[in-house]
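Report on one structure; see the data block that follows.
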Amino acid sequence: MTFQQYRCLVRSDLFRLAGEHPVFFRFLRLVLFRPGTQYLFLLRTTRYLAGKPLLFPVFIMLRLILMHLSYYYGISLPYTTRIGPGFYIGHFGGIVVNDQVILGKNCNLSQNVTLGIANRGKRPGCPVIGDEVYIGPGAVIFGHVTIGNRAAIGANCVVTRDVPENGVVVGVPGTVISLNGSEGYVDHTWERDCQH
């Protein structure tokens, strides 16, 4: 990852939260005092430093801080997870994400969400989450399922099957009840691609 890509990812996450490009002191306030933002900033920074031999001591220090925050905030989200720009953690606590999960652009993750691996059954593997997806509190998504762009996963829903674009899923097991999507749940979307 280049520094420009790293900078773009950090800016996209902050834009999702604030709806603007924060000035330096607002940036510091968001990173220092908002747990989800703090964790995500350290996660992005750790990923950026991975594989840079000259910065290896800083990388190790950040990994240790990230591990500490993982226990402190209750967020198990490995720095190796593929996360698109504009990621938003609404509330911290009880978040468990497997490192093989792929999260698209402008996704919202609520508290007590599990995105996990299935080792056997009809869909072994991990979820692939599309762009602008809202995942509500207590939702569980596991196995090799695809969540379409702009889908909304309801609170305490258990998803074990693919969800179409704009699908609204509720219940146990998750059932598509409409195609109204995540509009109104996912705000301040980041439009640029950070892969330049």
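So you can find residues: chains in the structure tokens are A, B, ... in the order shown, residues in each start at 1, and ligands are numbered from 1 in order.
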For this session: Fewer than 2 positions away in the same chain doesn't count, so skip those; otherwise give me all residues within 9 Å of A:Leu62, counting only C-alpha atoms, as a count of residues only.
Result: 12
Show me a table, sorted first by chain and then by increasing residue number, of the residues of stretch 101-136 of chain A having an atom at most 9 Å from stretch 70-92 of chain A, each with its shortest atom pair and the distance in Å to one decimal, counting only C-alpha atoms and written as CSV.
```
residue,atom,partner,partner_atom,distance
A:Val101,CA,A:Thr81,CA,6.4
A:Ile102,CA,A:Arg82,CA,5.1
A:Leu103,CA,A:Ile83,CA,4.8
A:Gly104,CA,A:Gly84,CA,4.8
A:Lys105,CA,A:Gly84,CA,4.4
A:Asn106,CA,A:Gly86,CA,4.4
A:Cys107,CA,A:Phe87,CA,5.2
A:Asn108,CA,A:Tyr88,CA,4.9
A:Leu109,CA,A:Ile89,CA,5.0
A:Ser110,CA,A:Gly90,CA,5.2
A:Gln111,CA,A:His91,CA,5.2
A:Asn112,CA,A:Phe92,CA,8.0
A:Asp131,CA,A:Gly84,CA,8.3
```
Problem set entry | Contact residues around stretch 177-181 of chain A with only C-alpha atoms at 10 Å, ignoring same-chain residues under 3 positions, as a VMD selection string | chain A and resid 132 to 134 148 to 153 164 to 171 174 184 to 186
Exercise. Mind checking DSSP for stretch 16-180 of chain A and telling me the strand (DSSP E or B) residues as a PyMOL selection string?
Worked result: chain A and resi 75-76+82-83+88-89+95-97+102-103+108-109+114-116+118+125+128-129+134-135+140-142+146-147+152-153+158-159+163+168-170+175-178
Problem set entry | For A:Gly36, the nearest of the candidates A:Gly94, A:Pro53, A:Gly138, A:Pro124, counting only C-alpha atoms | A:Gly94
Exercise. What separation in Å, quoted to one decimal, exists between atom CA of A:Pro173 and atom CA of A:Ile141?
Worked result: 10.3 Å
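For A:Phe15, the set of protein, DNA and RNA residues having any atom at most 9 Å away, when counting only C-alpha atoms and skipping those fewer than 3 positions along the same chain, is Val10, Arg11, Ser12, Ala18, Gly19, Glu20, His21, Pro22, Gly86, His188, Thr189 and Trp190 of chain A.
Going from atom CA of A:Asp187 over to atom CA of A:Val172, you cover 27.0 Å.
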For this session: Could you check which of A:Phe33, A:Phe27, A:Asp162, A:Ile95 is closest to A:Val128, using only C-alpha atoms?
Result: A:Asp162
For this session: Any chance you could list, as a PyMOL selection string, the residues in chain A that come up alpha helix (DSSP H) when DSSP is run on the backbone?
Result: chain A and resi 3-18+24-33+35-49+56-73
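Atom pair atom CA of A:Gly116 / atom CA of A:Asn98 has a distance of 5.3 Å (rounded to one decimal).
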